[in-house]
Amino acid sequence: MRLGALEAGGTKMVCAIGDELGNIESRASFPTRKPEETMPDIIGFFADQKIEALGVGSFGPLSLDPESSDFGAITTTPKLEWRSFPLRKSLADALNVPVGIDTDVNAAALGEAVYGAGKGLNSLVYYTVGTGIGGGALLDGRLLHGLVHPEMGHMLLRPDPRDPSPKGFCPYHESCLEGLANGPAIEKRWGISAKELPEDHIAWEIEAEYLAQMCVNTIVLLSPKRIVLGGGVMHQAHLFPRIRRRTLEMLGGYVAHPAILEKIDTFIVPPALGDNAGAVGSLLLAVNAIQK
């Protein structure tokens with residue numbers, strides 16, 4: 001199959017051409033501006049590519065109820081120009097192909113589950129830790145949805161007593177995961193970019209504490225067979241052993257499974273697809289759109 005993939009991000013739109021095996025042939029990136037400025041770039045990229053379907057992993061929140069009249073629309077996003085924009089319908093009408101859509105993190109979770117770090121497993125949770133924090137889940141082979149879609153980045157955490165900004169920086173919630181642990185929170189707390197902080201800075205112990213709390217909450221709530229941590233902050237590879245160690249400490253032996261107690265290094269892992277997880281997952285959303 002010849003398929004299109006769109007990673008619709010708040011900063012940039014990444015368009016790719018590939019196939020159902022996750023192979024990516026070509027890609028292009030466009031800055032995210034107003035819809036009337038950005039959509040012609042996206043449509044222009046795909047228009048002459050003779051794709052059979054398009055898969056979209058998008059920033060949100062999104063309307064993902066197929067029975068809803070606004071299915072595939074961006075809803076209450078803080079990017080006001082995109083609020084209530086009918087993304088899926090606009091692309092389907094312009095390209096005249098089936099369009100599958102889900103959250104960007106669900107797309108990445110799907111890509112990692114089928115062709116990446118979770119290959120061969122029927123459950124996986126993927127988190128991106130970067131400018132924002134979001135989580136996507138595949139359980140029993142199906143992407144997780146509900147009343148809307150999970151907003152794992154806004155789970156509430158216990159502030160670390162060493163944290164000089166224990167309320168975090170989320171405009172909606174005090175002490176939520178995103179407000180405490182995303183890239184901008186690290187920079188605001190310490191007055192320096194996370195990329196410039198040395199590995200022995202207390203910032204990383206606090207960051208690992210929050211991300212370990214995230215992992216513990218995920219384990220006891222969803223019981224996935226693997227947790228994948230991606231995004232720009234997780235390029236700091238030294239975080240992984242800290243997170244694994246603290247996760248085990250907080251669990252206290254309660255979830256007594258060898259995959260956690262004995263193999264934590266292969267339970268909490270970086271993405272095997274690297275920065276391609278979202279694109280590969282979006283190609284698989286295109287396959288699903290054809291099958292439906």
# chains A, B, ... in the order shown; residues from 1 in each chain; ligands from 1
call {"tool": "select_by_dssp", "arguments": {"residues": "segment 171-291 of chain A", "states": "strand (DSSP E or B)", "output": "list in words"}}
result
Cys176, Ile227, Val228, Leu229, Gly230, Ile268 and Val269 of chain A
call {"tool": "select_by_dssp", "arguments": {"residues": "segment 45-215 of chain A", "states": "alpha helix (DSSP H)", "output": "VMD selection string"}}
result
chain A and resid 45 to 47 87 to 95 104 to 115 177 to 181 183 to 190 202 to 215
call {"tool": "closest_residue", "arguments": {"among": "A:Val14, A:Thr131, A:Ala53, A:Asp19", "to": "Ala286 of chain A", "atoms": "only C-alpha atoms"}}
result
A:Ala53
call {"tool": "residues_around", "arguments": {"residues": "Val255 of chain A", "least_positions_apart": "3", "cutoff": "10 Å", "atoms": "only C-alpha atoms", "output": "ChimeraX atom specification"}}
result
/A:216,219-220,223,248,251-252,258-261
call {"tool": "write_last_selection", "arguments": {"atoms": "N, CA, C and O atoms", "output": "JSON list (two decimals), in the first residue's frame"}}
result
[["chain", "number", "residue", "atom", "x", "y", "z"],
["A", 216, "VAL", "N", 4.50, 4.39, 38.21],
["A", 216, "VAL", "CA", 3.79, 3.62, 39.23],
["A", 216, "VAL", "C", 2.28, 3.75, 39.02],
["A", 216, "VAL", "O", 1.54, 2.74, 39.07],
["A", 219, "ILE", "N", 1.28, 1.59, 36.12],
["A", 219, "ILE", "CA", 1.33, 0.16, 36.40],
["A", 219, "ILE", "C", 0.11, -0.29, 37.20],
["A", 219, "ILE", "O", -0.53, -1.30, 36.87],
["A", 220, "VAL", "N", -0.23, 0.45, 38.24],
["A", 220, "VAL", "CA", -1.35, 0.01, 39.09],
["A", 220, "VAL", "C", -2.70, 0.27, 38.44],
["A", 220, "VAL", "O", -3.69, -0.39, 38.78],
["A", 223, "SER", "N", -1.77, -1.67, 34.11],
["A", 223, "SER", "CA", -1.02, -2.91, 34.08],
["A", 223, "SER", "C", -0.52, -3.27, 32.68],
["A", 223, "SER", "O", -0.74, -4.38, 32.18],
["A", 248, "LEU", "N", 10.67, 1.00, 41.28],
["A", 248, "LEU", "CA", 10.73, -0.20, 42.12],
["A", 248, "LEU", "C", 10.59, 0.14, 43.59],
["A", 248, "LEU", "O", 9.88, -0.56, 44.34],
["A", 251, "LEU", "N", 6.89, 1.05, 44.31],
["A", 251, "LEU", "CA", 6.00, -0.11, 44.23],
["A", 251, "LEU", "C", 6.14, -0.99, 45.47],
["A", 251, "LEU", "O", 5.19, -1.65, 45.89],
["A", 252, "GLY", "N", 7.33, -1.02, 46.04],
["A", 252, "GLY", "CA", 7.54, -1.77, 47.27],
["A", 252, "GLY", "C", 7.28, -3.25, 47.16],
["A", 252, "GLY", "O", 6.90, -3.91, 48.14],
["A", 258, "PRO", "N", 7.77, -10.90, 37.58],
["A", 258, "PRO", "CA", 9.18, -10.87, 37.17],
["A", 258, "PRO", "C", 9.50, -9.79, 36.15],
["A", 258, "PRO", "O", 10.62, -9.27, 36.13],
["A", 259, "ALA", "N", 8.53, -9.44, 35.29],
["A", 259, "ALA", "CA", 8.78, -8.42, 34.28],
["A", 259, "ALA", "C", 9.15, -7.09, 34.92],
["A", 259, "ALA", "O", 9.88, -6.28, 34.33],
["A", 260, "ILE", "N", 8.67, -6.86, 36.15],
["A", 260, "ILE", "CA", 8.98, -5.63, 36.87],
["A", 260, "ILE", "C", 10.08, -5.87, 37.89],
["A", 260, "ILE", "O", 11.09, -5.15, 37.92],
["A", 261, "LEU", "N", 9.95, -6.88, 38.70],
["A", 261, "LEU", "CA", 10.91, -7.12, 39.78],
["A", 261, "LEU", "C", 12.29, -7.51, 39.27],
["A", 261, "LEU", "O", 13.31, -7.14, 39.85]]
call {"tool": "residues_around", "arguments": {"residues": "segment 265-275 of chain A", "least_positions_apart": "5", "cutoff": "10 Å", "atoms": "only C-alpha atoms", "output": "mmCIF file with C-alpha atoms, in the first residue's frame"}}
result
data_model
loop_
_atom_site.group_PDB
_atom_site.id
_atom_site.type_symbol
_atom_site.label_atom_id
_atom_site.label_comp_id
_atom_site.auth_asym_id
_atom_site.auth_seq_id
_atom_site.Cartn_x
_atom_site.Cartn_y
_atom_site.Cartn_z
ATOM 1 C CA GLY A 22 6.175 1.087 8.620
ATOM 2 C CA ALA A 108 3.132 6.650 18.687
ATOM 3 C CA ALA A 109 1.892 3.907 21.033
ATOM 4 C CA GLY A 111 3.755 2.347 16.107
ATOM 5 C CA GLU A 112 5.858 1.133 19.030
ATOM 6 C CA ALA A 113 3.458 -1.716 19.767
ATOM 7 C CA TYR A 115 7.006 -2.359 14.975
ATOM 8 C CA GLY A 116 8.947 -0.967 17.943
ATOM 9 C CA ALA A 117 9.671 -1.592 21.602
ATOM 10 C CA GLY A 118 6.410 -3.450 22.170
ATOM 11 C CA LYS A 119 6.535 -5.718 19.126
ATOM 12 C CA LEU A 124 1.861 -0.947 25.984
ATOM 13 C CA VAL A 125 1.755 2.619 27.278
ATOM 14 C CA TYR A 126 3.739 5.329 25.499
ATOM 15 C CA TYR A 127 4.563 8.704 27.043
ATOM 16 C CA THR A 128 6.128 11.675 25.349
ATOM 17 C CA ALA A 212 8.597 7.345 38.431
ATOM 18 C CA CYS A 215 5.117 4.936 35.906
ATOM 19 C CA PRO A 224 0.711 -2.665 30.682
ATOM 20 C CA LYS A 225 3.350 -5.131 29.578
ATOM 21 C CA ARG A 226 5.747 -2.310 28.710
ATOM 22 C CA ILE A 227 6.124 1.436 29.281
ATOM 23 C CA VAL A 228 7.897 3.445 26.579
ATOM 24 C CA LEU A 229 9.234 6.909 27.401
ATOM 25 C CA GLY A 230 9.940 9.205 24.463
ATOM 26 C CA GLY A 231 10.131 12.923 23.770
ATOM 27 C CA GLY A 232 12.888 15.492 24.032
ATOM 28 C CA MET A 234 13.988 11.553 27.552
ATOM 29 C CA HIS A 235 16.987 12.158 25.289
ATOM 30 C CA ALA A 237 19.428 8.780 28.802
ATOM 31 C CA PHE A 240 16.144 5.854 32.716
ATOM 32 C CA PRO A 241 18.080 4.090 35.509
ATOM 33 C CA ILE A 243 13.268 6.262 36.976
ATOM 34 C CA ARG A 244 13.499 2.463 37.064
ATOM 35 C CA ARG A 245 15.112 2.453 40.502
ATOM 36 C CA THR A 247 9.649 3.017 40.404
ATOM 37 C CA ALA A 259 8.778 -8.417 34.277
ATOM 38 C CA ILE A 260 8.980 -5.632 36.871
ATOM 39 C CA VAL A 280 4.896 4.811 11.751
#
call {"tool": "closest_residue", "arguments": {"among": "A:Thr38, A:Gln213, A:Asn122, A:Met152", "to": "Asp140 of chain A", "atoms": "only C-alpha atoms"}}
result
A:Asn122
call {"tool": "atom_distance", "arguments": {"atom1": "atom CA of Gly60 of chain A", "atom2": "atom CA of Gly191 of chain A"}}
result
28.5 Å
call {"tool": "closest_atom_pairs", "arguments": {"of": "segment 202-292 of chain A", "to": "segment 81-98 of chain A", "cutoff": "12 Å", "atoms": "only C-alpha atoms", "output": "JSON lines"}}
result
{"residue": "A:Leu285", "atom": "CA", "partner": "A:Pro98", "partner_atom": "CA", "distance": 10.1}
{"residue": "A:Ala286", "atom": "CA", "partner": "A:Pro98", "partner_atom": "CA", "distance": 7.4}
{"residue": "A:Val287", "atom": "CA", "partner": "A:Pro98", "partner_atom": "CA", "distance": 9.2}
{"residue": "A:Asn288", "atom": "CA", "partner": "A:Pro98", "partner_atom": "CA", "distance": 9.3}
{"residue": "A:Ala289", "atom": "CA", "partner": "A:Pro98", "partner_atom": "CA", "distance": 5.7}
{"residue": "A:Ile290", "atom": "CA", "partner": "A:Pro98", "partner_atom": "CA", "distance": 6.2}
{"residue": "A:Gln291", "atom": "CA", "partner": "A:Pro98", "partner_atom": "CA", "distance": 9.5}
{"residue": "A:Lys292", "atom": "CA", "partner": "A:Pro98", "partner_atom": "CA", "distance": 8.9}
call {"tool": "atom_distance", "arguments": {"atom1": "atom CA of Trp204 of chain A", "atom2": "atom CA of Gly10 of chain A"}}
result
26.1 Å
call {"tool": "residues_around", "arguments": {"residues": "Phe169 of chain A", "least_positions_apart": "3", "cutoff": "10 Å", "atoms": "only C-alpha atoms", "output": "mmCIF file with N, CA and C atoms, in the first residue's frame"}}
result
data_model
loop_
_atom_site.group_PDB
_atom_site.id
_atom_site.type_symbol
_atom_site.label_atom_id
_atom_site.label_comp_id
_atom_site.auth_asym_id
_atom_site.auth_seq_id
_atom_site.Cartn_x
_atom_site.Cartn_y
_atom_site.Cartn_z
ATOM 1 N N SER A 165 9.422 24.611 43.205
ATOM 2 C CA SER A 165 8.157 25.028 42.587
ATOM 3 C C SER A 165 7.158 23.875 42.658
ATOM 4 N N PRO A 166 6.707 23.532 43.853
ATOM 5 C CA PRO A 166 5.909 22.316 44.033
ATOM 6 C C PRO A 166 4.516 22.363 43.411
ATOM 7 N N TYR A 172 -3.989 24.930 34.435
ATOM 8 C CA TYR A 172 -5.251 24.311 34.826
ATOM 9 C C TYR A 172 -5.188 23.645 36.195
ATOM 10 N N HIS A 173 -4.072 22.985 36.529
ATOM 11 C CA HIS A 173 -4.015 22.163 37.745
ATOM 12 C C HIS A 173 -2.725 22.415 38.508
ATOM 13 N N GLU A 174 -2.835 22.391 39.826
ATOM 14 C CA GLU A 174 -1.628 22.406 40.654
ATOM 15 C C GLU A 174 -1.061 20.991 40.739
ATOM 16 N N SER A 175 0.249 20.900 40.668
ATOM 17 C CA SER A 175 0.980 19.650 40.891
ATOM 18 C C SER A 175 0.526 18.522 39.977
ATOM 19 N N CYS A 176 0.287 18.838 38.696
ATOM 20 C CA CYS A 176 0.003 17.772 37.737
ATOM 21 C C CYS A 176 1.292 17.414 37.011
ATOM 22 N N LEU A 177 1.299 16.249 36.398
ATOM 23 C CA LEU A 177 2.485 15.711 35.750
ATOM 24 C C LEU A 177 3.089 16.695 34.758
ATOM 25 N N GLU A 178 2.294 17.195 33.844
ATOM 26 C CA GLU A 178 2.825 18.100 32.826
ATOM 27 C C GLU A 178 3.381 19.374 33.445
ATOM 28 N N GLY A 179 2.650 19.938 34.399
ATOM 29 C CA GLY A 179 3.091 21.181 35.020
ATOM 30 C C GLY A 179 4.336 21.038 35.858
ATOM 31 N N LEU A 180 4.622 19.822 36.320
ATOM 32 C CA LEU A 180 5.801 19.578 37.137
ATOM 33 C C LEU A 180 7.003 19.082 36.341
ATOM 34 N N ALA A 181 6.763 18.353 35.248
ATOM 35 C CA ALA A 181 7.849 17.574 34.666
ATOM 36 C C ALA A 181 8.112 17.798 33.183
ATOM 37 N N ASN A 182 7.360 18.674 32.503
ATOM 38 C CA ASN A 182 7.685 18.882 31.092
ATOM 39 C C ASN A 182 8.929 19.749 30.943
ATOM 40 N N PRO A 184 9.468 22.818 29.627
ATOM 41 C CA PRO A 184 9.349 24.203 30.097
ATOM 42 C C PRO A 184 9.335 24.310 31.618
ATOM 43 N N ALA A 185 8.759 23.327 32.325
ATOM 44 C CA ALA A 185 8.745 23.370 33.791
ATOM 45 C C ALA A 185 10.162 23.274 34.344
ATOM 46 N N ILE A 186 10.974 22.423 33.737
ATOM 47 C CA ILE A 186 12.365 22.307 34.183
ATOM 48 C C ILE A 186 13.079 23.639 34.008
ATOM 49 N N LYS A 188 11.761 26.709 33.742
ATOM 50 C CA LYS A 188 11.219 27.759 34.617
ATOM 51 C C LYS A 188 11.687 27.567 36.061
ATOM 52 N N ARG A 189 11.779 26.331 36.494
ATOM 53 C CA ARG A 189 12.159 26.041 37.873
ATOM 54 C C ARG A 189 13.608 26.438 38.144
#
call {"tool": "residues_around", "arguments": {"residues": "Pro150 of chain A", "least_positions_apart": "4", "cutoff": "12 Å", "atoms": "only C-alpha atoms", "output": "PyMOL selection string"}}
result
chain A and resi 60-64+102-106+125-127+133-138+143-146+154-155+218+222
call {"tool": "closest_residue", "arguments": {"among": "A:Glu249, A:Gly4, A:Leu139, A:Ile202", "to": "Leu221 of chain A", "atoms": "only C-alpha atoms"}}
result
A:Leu139
call {"tool": "atom_distance", "arguments": {"atom1": "atom CA of His201 of chain A", "atom2": "atom CA of Arg246 of chain A"}}
result
16.9 Å
call {"tool": "closest_residue", "arguments": {"among": "A:Glu7, A:Glu209, A:Asp200, A:Glu187", "to": "Arg162 of chain A", "atoms": "only C-alpha atoms"}}
result
A:Glu209
